[in-house]
Amino acid sequence: MQLNRDDLLRAWREMRTIRAFEEHVHTEFAAGGIPGFVHLYAGEEASAVGVCMHLSDRDVIASTHRGHGHCIAKGCDVKAMMREIFGRAGGLCAGKGGSMHIADISRGMLGANGIVGGAPPLVCGAALTAKVRGTGGVAIAFCGDGGANQGTTAEGMNLASVWKLPAIFVIEDNGYAESTASAWSLAGDPVKRAEGYGMPGTRVDGRDFFAVHEAAGEAIERARKGEGPSLLHVKLERFFGHFEGDAMTYRAADEVARLRAERDCLASFRRRVTEAGLLDGAALDAIDREAAALIDEAVSEAKAAAFPRPAELLTDVYVSY
Ligand SMILES: Cc1ncc(C[n+]2csc(CCOP(=O)(O)OP(=O)(O)O)c2C)c(N)n1
Ligand SMILES: [Mg+2]
């Protein structure tokens, strides 16, 4: 898929919106307004956006505990997401799920997921549905370097390959599973694991939106043509702790500052499109202001929203078919 000016503006807006969203959640969490556990996606934006730009509502994704970026890239309403994170009425899941359980089935967002390695088996079901019904849809599982080592990921990849499902496994390798460096925990090369399951595997630099977009496009096209699953191993960085409140004693004191200076996918996108004359700085700055204003509004509206009523405690908990 060739990217035109509108596509590039859209990519920038989505990545900027994710960054602004995460920075605001970081501040609000520290101020004590957000209940529960929160894991931020800042630094990894090019992966969610580079993959999800190829998708529409007929396609589904399943996410991780670090799911805000995936939700935004798949078209979830950011104000409803913010209300959800604050645990308020009008949240995307009625304020009862919080950060780790945001879902919007109408947008093909099957859910953030507190279960590490939860997404790969889920997308096998969704991909089988797409295949049986002949919708042409694909199903994408995001999982981390830690999640890549879960048995569920191995099972999911095996099943997807045996059934030739339109599924893509995106391993977002940010170098850590909680405090454990992937150098200590990830054996061999994840790309070669794909070979073991008879599917193509590609390594992608997650700092480079264009590389992610291209590799994801190839994998998705292959899946849509009925040629089966693929794996992408995306190398990227997380700019905050594992969870909000993490003192990050396992990282060098200057590590995050260095990564922010050298491996920021937003900075590299901006440099590339301005140097190539594809977009001008003023257009990008205008989007930055709009994204910041949108998230400011989302935070104030979330804080002003009511909490769910006690009478609603048991609604939406079970689905009756
Ligand atoms: C099945 C399961 N085991 C353990 C945990 C605890 N846990 C939560 S996040 C995490 C690390 C995940 O690392 P990774 O998959 O690399 O994702 P990242 O946090 O780096 O995005 C662990 C072990 C869990 N939530 N679920
Ligand atoms: Mg990780």
# chains A, B, ... in the order shown; residues from 1 in each chain; ligands from 1

$ residues_near_ligand --ligand "ligand 1" --cutoff "8 Å" --atoms "only C-alpha atoms and all ligand atoms" --output "ChimeraX atom specification"
/A:39,41,64-66,114-118,143-148,150,172-178,182,238,242-243

$ residues_around --residues "Gly36 (chain A)" --least-positions-apart "2" --cutoff "10 Å" --atoms "only C-alpha atoms" --output "ChimeraX atom specification"
/A:29,34,38,85-87,97-100,244

$ atom_distance --atom1 "CA of Gly75 (chain A)" --atom2 "CA of Gly206 (chain A)"
20.5 Å

$ closest_residue --among "A:Ala94, A:Val123, A:Ala183, A:Ala141" --to "ligand 2" --atoms "only C-alpha atoms and all ligand atoms"
A:Ala183

$ residues_around --residues "Trp12 (chain A)" --least-positions-apart "3" --cutoff "10 Å" --atoms "only C-alpha atoms" --output "list of chain:residue names"
A:Asp6, A:Asp7, A:Leu8, A:Leu9, A:Met15, A:Arg16, A:Thr17, A:Ile18, A:Glu45, A:Ala46, A:Val49, A:Phe209, A:Leu266, A:Phe269, A:Arg270, A:Leu284, A:Ile287, A:Asp288, A:Ala291

$ write_last_selection --atoms "N, CA and C atoms" --output "JSON list (two decimals), in the first residue's frame"
[["chain", "number", "residue", "atom", "x", "y", "z"],
["A", 6, "ASP", "N", -2.48, 12.11, 2.86],
["A", 6, "ASP", "CA", -3.50, 11.91, 3.90],
["A", 6, "ASP", "C", -3.14, 10.75, 4.82],
["A", 7, "ASP", "N", -2.58, 9.69, 4.23],
["A", 7, "ASP", "CA", -2.16, 8.54, 5.05],
["A", 7, "ASP", "C", -1.08, 8.96, 6.04],
["A", 8, "LEU", "N", -0.12, 9.75, 5.55],
["A", 8, "LEU", "CA", 0.98, 10.17, 6.42],
["A", 8, "LEU", "C", 0.47, 11.06, 7.55],
["A", 9, "LEU", "N", -0.46, 11.95, 7.22],
["A", 9, "LEU", "CA", -1.04, 12.81, 8.26],
["A", 9, "LEU", "C", -1.80, 11.97, 9.28],
["A", 15, "MET", "N", -0.12, 8.36, 15.95],
["A", 15, "MET", "CA", 1.04, 8.16, 16.82],
["A", 15, "MET", "C", 1.13, 9.27, 17.87],
["A", 16, "ARG", "N", 0.85, 10.49, 17.45],
["A", 16, "ARG", "CA", 0.87, 11.63, 18.37],
["A", 16, "ARG", "C", -0.22, 11.50, 19.44],
["A", 17, "THR", "N", -1.39, 11.03, 19.01],
["A", 17, "THR", "CA", -2.50, 10.87, 19.96],
["A", 17, "THR", "C", -2.12, 9.82, 21.01],
["A", 18, "ILE", "N", -1.50, 8.74, 20.56],
["A", 18, "ILE", "CA", -1.08, 7.71, 21.53],
["A", 18, "ILE", "C", -0.06, 8.30, 22.50],
["A", 45, "GLU", "N", 4.78, 3.34, 19.47],
["A", 45, "GLU", "CA", 3.64, 3.76, 18.63],
["A", 45, "GLU", "C", 3.69, 3.27, 17.18],
["A", 46, "ALA", "N", 4.89, 3.24, 16.59],
["A", 46, "ALA", "CA", 4.99, 2.90, 15.16],
["A", 46, "ALA", "C", 4.52, 1.48, 14.89],
["A", 49, "VAL", "N", 0.45, 1.53, 15.00],
["A", 49, "VAL", "CA", -0.10, 2.32, 13.89],
["A", 49, "VAL", "C", 0.34, 1.72, 12.54],
["A", 209, "PHE", "N", 8.50, 3.63, 11.37],
["A", 209, "PHE", "CA", 7.09, 3.41, 10.99],
["A", 209, "PHE", "C", 6.97, 2.78, 9.60],
["A", 266, "LEU", "N", 8.63, 8.59, 16.76],
["A", 266, "LEU", "CA", 7.98, 9.81, 16.30],
["A", 266, "LEU", "C", 9.00, 10.77, 15.70],
["A", 269, "PHE", "N", 10.04, 9.51, 12.31],
["A", 269, "PHE", "CA", 8.99, 9.74, 11.30],
["A", 269, "PHE", "C", 9.03, 11.20, 10.86],
["A", 270, "ARG", "N", 9.10, 12.10, 11.84],
["A", 270, "ARG", "CA", 9.07, 13.53, 11.53],
["A", 270, "ARG", "C", 10.26, 13.92, 10.65],
["A", 284, "LEU", "N", 2.58, 19.20, 10.77],
["A", 284, "LEU", "CA", 2.78, 18.26, 11.89],
["A", 284, "LEU", "C", 2.54, 18.96, 13.22],
["A", 287, "ILE", "N", -1.10, 19.22, 14.06],
["A", 287, "ILE", "CA", -1.64, 17.96, 14.58],
["A", 287, "ILE", "C", -1.21, 17.74, 16.03],
["A", 288, "ASP", "N", 0.02, 18.11, 16.34],
["A", 288, "ASP", "CA", 0.49, 17.96, 17.73],
["A", 288, "ASP", "C", -0.43, 18.74, 18.68],
["A", 291, "ALA", "N", -3.84, 17.02, 18.93],
["A", 291, "ALA", "CA", -3.79, 15.78, 19.74],
["A", 291, "ALA", "C", -3.71, 16.13, 21.22]]

$ select_by_dssp --residues "region 56-282 of chain A" --states "helix (DSSP H, G or I)" --output "JSON, numbers by chain"
{"A": [68, 69, 70, 71, 72, 73, 78, 79, 80, 81, 82, 83, 84, 85, 99, 100, 101, 105, 106, 107, 119, 120, 121, 122, 123, 124, 125, 126, 127, 128, 129, 130, 131, 132, 133, 147, 148, 149, 151, 152, 153, 154, 155, 156, 157, 158, 159, 160, 161, 162, 182, 183, 184, 185, 190, 191, 192, 193, 194, 195, 196, 209, 210, 211, 212, 213, 214, 215, 216, 217, 218, 219, 220, 221, 222, 223, 224, 255, 256, 257, 258, 259, 260, 261, 262, 265, 266, 267, 268, 269, 270, 271, 272, 273, 274, 275, 281, 282]}

$ residues_around --residues "region 186-201 of chain A" --least-positions-apart "2" --cutoff "7 Å" --atoms "only C-alpha atoms" --output "PDB file with N, CA, C and O atoms, in the first residue's frame"
ATOM      1  N   ASN A 149       7.249 -16.193  24.821  1.00  0.00           N
ATOM      2  CA  ASN A 149       7.743 -17.429  25.447  1.00  0.00           C
ATOM      3  C   ASN A 149       6.646 -18.249  26.106  1.00  0.00           C
ATOM      4  O   ASN A 149       6.922 -19.307  26.690  1.00  0.00           O
ATOM      5  N   MET A 157       0.409 -20.281  17.244  1.00  0.00           N
ATOM      6  CA  MET A 157       1.125 -20.277  15.961  1.00  0.00           C
ATOM      7  C   MET A 157       0.991 -21.625  15.255  1.00  0.00           C
ATOM      8  O   MET A 157       0.818 -21.693  14.034  1.00  0.00           O
ATOM      9  N   ASN A 158       1.055 -22.691  16.028  1.00  0.00           N
ATOM     10  CA  ASN A 158       0.917 -24.016  15.433  1.00  0.00           C
ATOM     11  C   ASN A 158      -0.467 -24.182  14.792  1.00  0.00           C
ATOM     12  O   ASN A 158      -0.600 -24.597  13.639  1.00  0.00           O
ATOM     13  N   SER A 161      -1.065 -22.162  11.672  1.00  0.00           N
ATOM     14  CA  SER A 161      -0.374 -22.684  10.499  1.00  0.00           C
ATOM     15  C   SER A 161      -1.052 -23.952   9.981  1.00  0.00           C
ATOM     16  O   SER A 161      -1.275 -24.100   8.782  1.00  0.00           O
ATOM     17  N   SER A 182      15.257  -9.308  27.839  1.00  0.00           N
ATOM     18  CA  SER A 182      15.001 -10.424  26.915  1.00  0.00           C
ATOM     19  C   SER A 182      16.299 -11.167  26.603  1.00  0.00           C
ATOM     20  O   SER A 182      16.266 -12.339  26.233  1.00  0.00           O
ATOM     21  N   ALA A 183      17.453 -10.521  26.801  1.00  0.00           N
ATOM     22  CA  ALA A 183      18.732 -11.224  26.611  1.00  0.00           C
ATOM     23  C   ALA A 183      18.830 -12.415  27.567  1.00  0.00           C
ATOM     24  O   ALA A 183      19.537 -13.391  27.294  1.00  0.00           O
ATOM     25  N   TRP A 184      18.136 -12.356  28.692  1.00  0.00           N
ATOM     26  CA  TRP A 184      18.141 -13.431  29.684  1.00  0.00           C
ATOM     27  C   TRP A 184      17.020 -14.434  29.475  1.00  0.00           C
ATOM     28  O   TRP A 184      17.042 -15.513  30.064  1.00  0.00           O
ATOM     29  N   ARG A 203      11.978  -9.679  10.745  1.00  0.00           N
ATOM     30  CA  ARG A 203      12.349  -8.752  11.822  1.00  0.00           C
ATOM     31  C   ARG A 203      12.172  -7.327  11.312  1.00  0.00           C
ATOM     32  O   ARG A 203      12.489  -7.026  10.170  1.00  0.00           O
ATOM     33  N   PRO A 229      -0.694 -17.735   7.979  1.00  0.00           N
ATOM     34  CA  PRO A 229      -0.193 -16.788   8.975  1.00  0.00           C
ATOM     35  C   PRO A 229       1.266 -16.368   8.746  1.00  0.00           C
ATOM     36  O   PRO A 229       1.988 -17.015   7.995  1.00  0.00           O
ATOM     37  N   SER A 230       1.643 -15.304   9.440  1.00  0.00           N
ATOM     38  CA  SER A 230       3.034 -14.827   9.445  1.00  0.00           C
ATOM     39  C   SER A 230       3.361 -14.301  10.833  1.00  0.00           C
ATOM     40  O   SER A 230       2.463 -14.037  11.637  1.00  0.00           O
ATOM     41  N   LEU A 231       4.648 -14.132  11.049  1.00  0.00           N
ATOM     42  CA  LEU A 231       5.120 -13.537  12.307  1.00  0.00           C
ATOM     43  C   LEU A 231       5.953 -12.301  11.996  1.00  0.00           C
ATOM     44  O   LEU A 231       6.748 -12.313  11.049  1.00  0.00           O
ATOM     45  N   LEU A 232       5.763 -11.262  12.795  1.00  0.00           N
ATOM     46  CA  LEU A 232       6.654 -10.096  12.726  1.00  0.00           C
ATOM     47  C   LEU A 232       7.328  -9.953  14.083  1.00  0.00           C
ATOM     48  O   LEU A 232       6.650  -9.982  15.123  1.00  0.00           O
ATOM     49  N   HIS A 233       8.636  -9.816  14.086  1.00  0.00           N
ATOM     50  CA  HIS A 233       9.375  -9.556  15.325  1.00  0.00           C
ATOM     51  C   HIS A 233       9.804  -8.098  15.285  1.00  0.00           C
ATOM     52  O   HIS A 233      10.722  -7.733  14.545  1.00  0.00           O
TER      53      HIS A 233
END

$ closest_residue --among "A:Leu279, A:Asp296, A:Ala211, A:Val132" --to "Glu23 (chain A)" --atoms "only C-alpha atoms"
A:Asp296

$ residues_around --residues "Ala62 (chain A)" --least-positions-apart "3" --cutoff "6 Å" --atoms "only C-alpha atoms" --output "list in words"
Leu110, Gly111, Ala119 and Ala141 of chain A

$ select_by_dssp --residues "region 22-256 of chain A" --states "strand (DSSP E)" --output "PyMOL selection string"
chain A and resi 60-62+139-144+167-173+176-177+180-181+201-205+230-235

$ write_last_selection --atoms "N, CA and C atoms" --output "mmCIF file, in the first residue's frame"
data_model
loop_
_atom_site.group_PDB
_atom_site.id
_atom_site.type_symbol
_atom_site.label_atom_id
_atom_site.label_comp_id
_atom_site.auth_asym_id
_atom_site.auth_seq_id
_atom_site.Cartn_x
_atom_site.Cartn_y
_atom_site.Cartn_z
ATOM 1 N N VAL A 60 -9.784 -7.923 13.004
ATOM 2 C CA VAL A 60 -9.743 -7.812 14.463
ATOM 3 C C VAL A 60 -8.303 -7.859 14.961
ATOM 4 N N ILE A 61 -8.120 -7.255 16.130
ATOM 5 C CA ILE A 61 -6.834 -7.388 16.824
ATOM 6 C C ILE A 61 -7.104 -7.830 18.263
ATOM 7 N N ALA A 62 -6.131 -8.501 18.832
ATOM 8 C CA ALA A 62 -6.168 -8.789 20.264
ATOM 9 C C ALA A 62 -4.857 -8.268 20.839
ATOM 10 N N ALA A 139 -6.870 -11.453 11.435
ATOM 11 C CA ALA A 139 -6.836 -11.288 12.889
ATOM 12 C C ALA A 139 -5.382 -11.167 13.328
ATOM 13 N N ILE A 140 -5.112 -10.143 14.130
ATOM 14 C CA ILE A 140 -3.735 -9.851 14.517
ATOM 15 C C ILE A 140 -3.570 -10.001 16.013
ATOM 16 N N ALA A 141 -2.578 -10.776 16.423
ATOM 17 C CA ALA A 141 -2.254 -10.906 17.848
ATOM 18 C C ALA A 141 -1.013 -10.080 18.139
ATOM 19 N N PHE A 142 -1.131 -9.146 19.084
ATOM 20 C CA PHE A 142 0.058 -8.464 19.581
ATOM 21 C C PHE A 142 0.502 -9.185 20.841
ATOM 22 N N CYS A 143 1.797 -9.416 20.964
ATOM 23 C CA CYS A 143 2.282 -9.924 22.240
ATOM 24 C C CYS A 143 3.723 -9.474 22.456
ATOM 25 N N GLY A 144 4.173 -9.464 23.685
ATOM 26 C CA GLY A 144 5.512 -8.956 23.987
ATOM 27 C C GLY A 144 6.570 -10.036 23.840
ATOM 28 N N ALA A 167 -4.029 -15.112 10.122
ATOM 29 C CA ALA A 167 -3.610 -14.574 11.429
ATOM 30 C C ALA A 167 -2.182 -14.043 11.313
ATOM 31 N N ILE A 168 -1.903 -12.986 12.050
ATOM 32 C CA ILE A 168 -0.531 -12.454 12.091
ATOM 33 C C ILE A 168 -0.140 -12.289 13.549
ATOM 34 N N PHE A 169 1.049 -12.754 13.872
ATOM 35 C CA PHE A 169 1.559 -12.690 15.239
ATOM 36 C C PHE A 169 2.620 -11.590 15.280
ATOM 37 N N VAL A 170 2.314 -10.529 16.020
ATOM 38 C CA VAL A 170 3.247 -9.399 16.089
ATOM 39 C C VAL A 170 3.913 -9.426 17.461
ATOM 40 N N ILE A 171 5.181 -9.820 17.468
ATOM 41 C CA ILE A 171 5.925 -9.867 18.733
ATOM 42 C C ILE A 171 6.579 -8.504 18.941
ATOM 43 N N GLU A 172 6.076 -7.764 19.913
ATOM 44 C CA GLU A 172 6.636 -6.442 20.202
ATOM 45 C C GLU A 172 7.719 -6.619 21.269
ATOM 46 N N ASP A 173 8.953 -6.613 20.807
ATOM 47 C CA ASP A 173 10.095 -6.915 21.688
ATOM 48 C C ASP A 173 10.712 -5.606 22.173
ATOM 49 N N TYR A 176 12.322 -6.126 27.501
ATOM 50 C CA TYR A 176 12.061 -6.535 28.889
ATOM 51 C C TYR A 176 10.715 -7.228 29.032
ATOM 52 N N ALA A 177 10.659 -8.195 29.929
ATOM 53 C CA ALA A 177 9.402 -8.711 30.446
ATOM 54 C C ALA A 177 9.428 -8.358 31.937
ATOM 55 N N THR A 180 12.889 -8.366 33.625
ATOM 56 C CA THR A 180 13.835 -9.342 33.064
ATOM 57 C C THR A 180 14.170 -8.993 31.617
ATOM 58 N N ALA A 181 15.465 -8.764 31.365
ATOM 59 C CA ALA A 181 15.881 -8.401 30.010
ATOM 60 C C ALA A 181 15.668 -9.587 29.078
ATOM 61 N N GLY A 201 8.650 -15.348 8.748
ATOM 62 C CA GLY A 201 8.914 -14.453 9.874
ATOM 63 C C GLY A 201 9.826 -13.332 9.415
ATOM 64 N N THR A 202 9.565 -12.126 9.901
ATOM 65 C CA THR A 202 10.363 -10.969 9.489
ATOM 66 C C THR A 202 10.726 -10.146 10.703
ATOM 67 N N ARG A 203 11.978 -9.679 10.745
ATOM 68 C CA ARG A 203 12.349 -8.752 11.822
ATOM 69 C C ARG A 203 12.172 -7.327 11.312
ATOM 70 N N VAL A 204 11.646 -6.475 12.182
ATOM 71 C CA VAL A 204 11.373 -5.101 11.777
ATOM 72 C C VAL A 204 11.887 -4.143 12.842
ATOM 73 N N ASP A 205 12.442 -3.036 12.405
ATOM 74 C CA ASP A 205 12.877 -1.995 13.334
ATOM 75 C C ASP A 205 11.664 -1.150 13.712
ATOM 76 N N SER A 230 1.643 -15.304 9.440
ATOM 77 C CA SER A 230 3.034 -14.827 9.445
ATOM 78 C C SER A 230 3.361 -14.301 10.833
ATOM 79 N N LEU A 231 4.648 -14.132 11.049
ATOM 80 C CA LEU A 231 5.120 -13.537 12.307
ATOM 81 C C LEU A 231 5.953 -12.301 11.996
ATOM 82 N N LEU A 232 5.763 -11.262 12.795
ATOM 83 C CA LEU A 232 6.654 -10.096 12.726
ATOM 84 C C LEU A 232 7.328 -9.953 14.083
ATOM 85 N N HIS A 233 8.636 -9.816 14.086
ATOM 86 C CA HIS A 233 9.375 -9.556 15.325
ATOM 87 C C HIS A 233 9.804 -8.098 15.285
ATOM 88 N N VAL A 234 9.086 -7.270 16.056
ATOM 89 C CA VAL A 234 9.323 -5.827 15.999
ATOM 90 C C VAL A 234 10.191 -5.416 17.186
ATOM 91 N N LYS A 235 11.357 -4.877 16.896
ATOM 92 C CA LYS A 235 12.265 -4.418 17.959
ATOM 93 C C LYS A 235 11.923 -2.965 18.270
#

$ atom_distance --atom1 "CA of Ala302 (chain A)" --atom2 "CA of Phe239 (chain A)"
24.5 Å

$ residues_around --residues "Leu294 (chain A)" --least-positions-apart "3" --cutoff "10 Å" --atoms "only C-alpha atoms" --output "PyMOL selection string"
chain A and resi 17+20-21+78-79+288-291+297-299

$ write_last_selection --atoms "N, CA, C and O atoms" --output "mmCIF file, in the first residue's frame"
data_model
loop_
_atom_site.group_PDB
_atom_site.id
_atom_site.type_symbol
_atom_site.label_atom_id
_atom_site.label_comp_id
_atom_site.auth_asym_id
_atom_site.auth_seq_id
_atom_site.Cartn_x
_atom_site.Cartn_y
_atom_site.Cartn_z
ATOM 1 N N THR A 17 -1.387 11.028 19.006
ATOM 2 C CA THR A 17 -2.496 10.866 19.956
ATOM 3 C C THR A 17 -2.119 9.824 21.008
ATOM 4 O O THR A 17 -2.354 10.014 22.203
ATOM 5 N N ALA A 20 0.466 11.433 23.379
ATOM 6 C CA ALA A 20 -0.144 12.409 24.288
ATOM 7 C C ALA A 20 -1.015 11.682 25.320
ATOM 8 O O ALA A 20 -1.013 12.023 26.508
ATOM 9 N N PHE A 21 -1.739 10.682 24.868
ATOM 10 C CA PHE A 21 -2.592 9.898 25.759
ATOM 11 C C PHE A 21 -1.743 9.313 26.887
ATOM 12 O O PHE A 21 -2.048 9.458 28.075
ATOM 13 N N VAL A 78 -11.108 7.754 21.988
ATOM 14 C CA VAL A 78 -10.118 8.042 23.039
ATOM 15 C C VAL A 78 -10.760 8.620 24.295
ATOM 16 O O VAL A 78 -10.282 8.373 25.404
ATOM 17 N N LYS A 79 -11.849 9.375 24.124
ATOM 18 C CA LYS A 79 -12.478 9.928 25.329
ATOM 19 C C LYS A 79 -13.134 8.817 26.150
ATOM 20 O O LYS A 79 -13.045 8.802 27.380
ATOM 21 N N ASP A 288 0.018 18.108 16.339
ATOM 22 C CA ASP A 288 0.487 17.962 17.730
ATOM 23 C C ASP A 288 -0.433 18.744 18.679
ATOM 24 O O ASP A 288 -0.821 18.245 19.739
ATOM 25 N N ARG A 289 -0.769 19.960 18.268
ATOM 26 C CA ARG A 289 -1.624 20.793 19.137
ATOM 27 C C ARG A 289 -3.015 20.174 19.261
ATOM 28 O O ARG A 289 -3.582 20.126 20.357
ATOM 29 N N GLU A 290 -3.536 19.668 18.148
ATOM 30 C CA GLU A 290 -4.884 19.072 18.194
ATOM 31 C C GLU A 290 -4.894 17.810 19.061
ATOM 32 O O GLU A 290 -5.827 17.581 19.829
ATOM 33 N N ALA A 291 -3.843 17.018 18.934
ATOM 34 C CA ALA A 291 -3.787 15.777 19.742
ATOM 35 C C ALA A 291 -3.708 16.130 21.222
ATOM 36 O O ALA A 291 -4.403 15.540 22.056
ATOM 37 N N GLU A 297 -8.892 17.454 26.893
ATOM 38 C CA GLU A 297 -10.355 17.388 27.035
ATOM 39 C C GLU A 297 -10.775 16.026 27.561
ATOM 40 O O GLU A 297 -11.642 15.920 28.425
ATOM 41 N N ALA A 298 -10.152 14.970 27.029
ATOM 42 C CA ALA A 298 -10.515 13.614 27.455
ATOM 43 C C ALA A 298 -10.277 13.451 28.954
ATOM 44 O O ALA A 298 -11.110 12.868 29.667
ATOM 45 N N VAL A 299 -9.163 14.016 29.443
ATOM 46 C CA VAL A 299 -8.854 13.896 30.877
ATOM 47 C C VAL A 299 -9.858 14.692 31.688
ATOM 48 O O VAL A 299 -10.414 14.200 32.681
#

$ closest_residue --among "A:Phe240, A:Ala216, A:Gly125, A:Arg224" --to "Pro166 (chain A)" --atoms "only C-alpha atoms"
A:Arg224

$ decode --residues "region 59-72 of chain A" --atoms "N, CA, C and O atoms" --output "PDB file, in the first residue's frame"
ATOM      1  N   ASP A  59     -11.603  -6.481  10.252  1.00  0.00           N
ATOM      2  CA  ASP A  59     -10.399  -7.129  10.804  1.00  0.00           C
ATOM      3  C   ASP A  59     -10.388  -6.974  12.316  1.00  0.00           C
ATOM      4  O   ASP A  59     -10.899  -5.991  12.845  1.00  0.00           O
ATOM      5  N   VAL A  60      -9.784  -7.923  13.004  1.00  0.00           N
ATOM      6  CA  VAL A  60      -9.743  -7.812  14.463  1.00  0.00           C
ATOM      7  C   VAL A  60      -8.303  -7.859  14.961  1.00  0.00           C
ATOM      8  O   VAL A  60      -7.417  -8.404  14.306  1.00  0.00           O
ATOM      9  N   ILE A  61      -8.120  -7.255  16.130  1.00  0.00           N
ATOM     10  CA  ILE A  61      -6.834  -7.388  16.824  1.00  0.00           C
ATOM     11  C   ILE A  61      -7.104  -7.830  18.263  1.00  0.00           C
ATOM     12  O   ILE A  61      -8.175  -7.582  18.810  1.00  0.00           O
ATOM     13  N   ALA A  62      -6.131  -8.501  18.832  1.00  0.00           N
ATOM     14  CA  ALA A  62      -6.168  -8.789  20.264  1.00  0.00           C
ATOM     15  C   ALA A  62      -4.857  -8.268  20.839  1.00  0.00           C
ATOM     16  O   ALA A  62      -3.798  -8.412  20.233  1.00  0.00           O
ATOM     17  N   SER A  63      -4.956  -7.662  22.000  1.00  0.00           N
ATOM     18  CA  SER A  63      -3.838  -6.872  22.514  1.00  0.00           C
ATOM     19  C   SER A  63      -3.234  -7.498  23.770  1.00  0.00           C
ATOM     20  O   SER A  63      -3.434  -8.691  24.060  1.00  0.00           O
ATOM     21  N   THR A  64      -2.514  -6.682  24.487  1.00  0.00           N
ATOM     22  CA  THR A  64      -1.789  -7.122  25.691  1.00  0.00           C
ATOM     23  C   THR A  64      -2.208  -6.245  26.872  1.00  0.00           C
ATOM     24  O   THR A  64      -3.110  -5.421  26.746  1.00  0.00           O
ATOM     25  N   HIS A  65      -1.481  -6.413  27.993  1.00  0.00           N
ATOM     26  CA  HIS A  65      -1.686  -5.522  29.138  1.00  0.00           C
ATOM     27  C   HIS A  65      -1.240  -4.093  28.798  1.00  0.00           C
ATOM     28  O   HIS A  65      -1.588  -3.166  29.491  1.00  0.00           O
ATOM     29  N   ARG A  66      -0.428  -3.926  27.744  1.00  0.00           N
ATOM     30  CA  ARG A  66       0.085  -2.602  27.345  1.00  0.00           C
ATOM     31  C   ARG A  66      -0.725  -2.159  26.122  1.00  0.00           C
ATOM     32  O   ARG A  66      -0.195  -1.947  25.040  1.00  0.00           O
ATOM     33  N   GLY A  67      -2.035  -2.010  26.283  1.00  0.00           N
ATOM     34  CA  GLY A  67      -2.916  -2.015  25.128  1.00  0.00           C
ATOM     35  C   GLY A  67      -3.421  -0.684  24.607  1.00  0.00           C
ATOM     36  O   GLY A  67      -4.086  -0.649  23.571  1.00  0.00           O
ATOM     37  N   HIS A  68      -3.140   0.445  25.306  1.00  0.00           N
ATOM     38  CA  HIS A  68      -3.776   1.711  24.886  1.00  0.00           C
ATOM     39  C   HIS A  68      -3.462   2.054  23.433  1.00  0.00           C
ATOM     40  O   HIS A  68      -4.329   2.512  22.692  1.00  0.00           O
ATOM     41  N   GLY A  69      -2.203   1.842  23.031  1.00  0.00           N
ATOM     42  CA  GLY A  69      -1.805   2.198  21.659  1.00  0.00           C
ATOM     43  C   GLY A  69      -2.536   1.358  20.627  1.00  0.00           C
ATOM     44  O   GLY A  69      -2.960   1.856  19.581  1.00  0.00           O
ATOM     45  N   HIS A  70      -2.693   0.082  20.924  1.00  0.00           N
ATOM     46  CA  HIS A  70      -3.415  -0.787  19.983  1.00  0.00           C
ATOM     47  C   HIS A  70      -4.869  -0.330  19.851  1.00  0.00           C
ATOM     48  O   HIS A  70      -5.431  -0.321  18.768  1.00  0.00           O
ATOM     49  N   CYS A  71      -5.482   0.024  20.984  1.00  0.00           N
ATOM     50  CA  CYS A  71      -6.890   0.463  20.961  1.00  0.00           C
ATOM     51  C   CYS A  71      -7.033   1.715  20.110  1.00  0.00           C
ATOM     52  O   CYS A  71      -7.938   1.801  19.267  1.00  0.00           O
ATOM     53  N   ILE A  72      -6.150   2.682  20.323  1.00  0.00           N
ATOM     54  CA  ILE A  72      -6.265   3.944  19.584  1.00  0.00           C
ATOM     55  C   ILE A  72      -6.032   3.684  18.097  1.00  0.00           C
ATOM     56  O   ILE A  72      -6.775   4.163  17.243  1.00  0.00           O
TER      57      ILE A  72
END
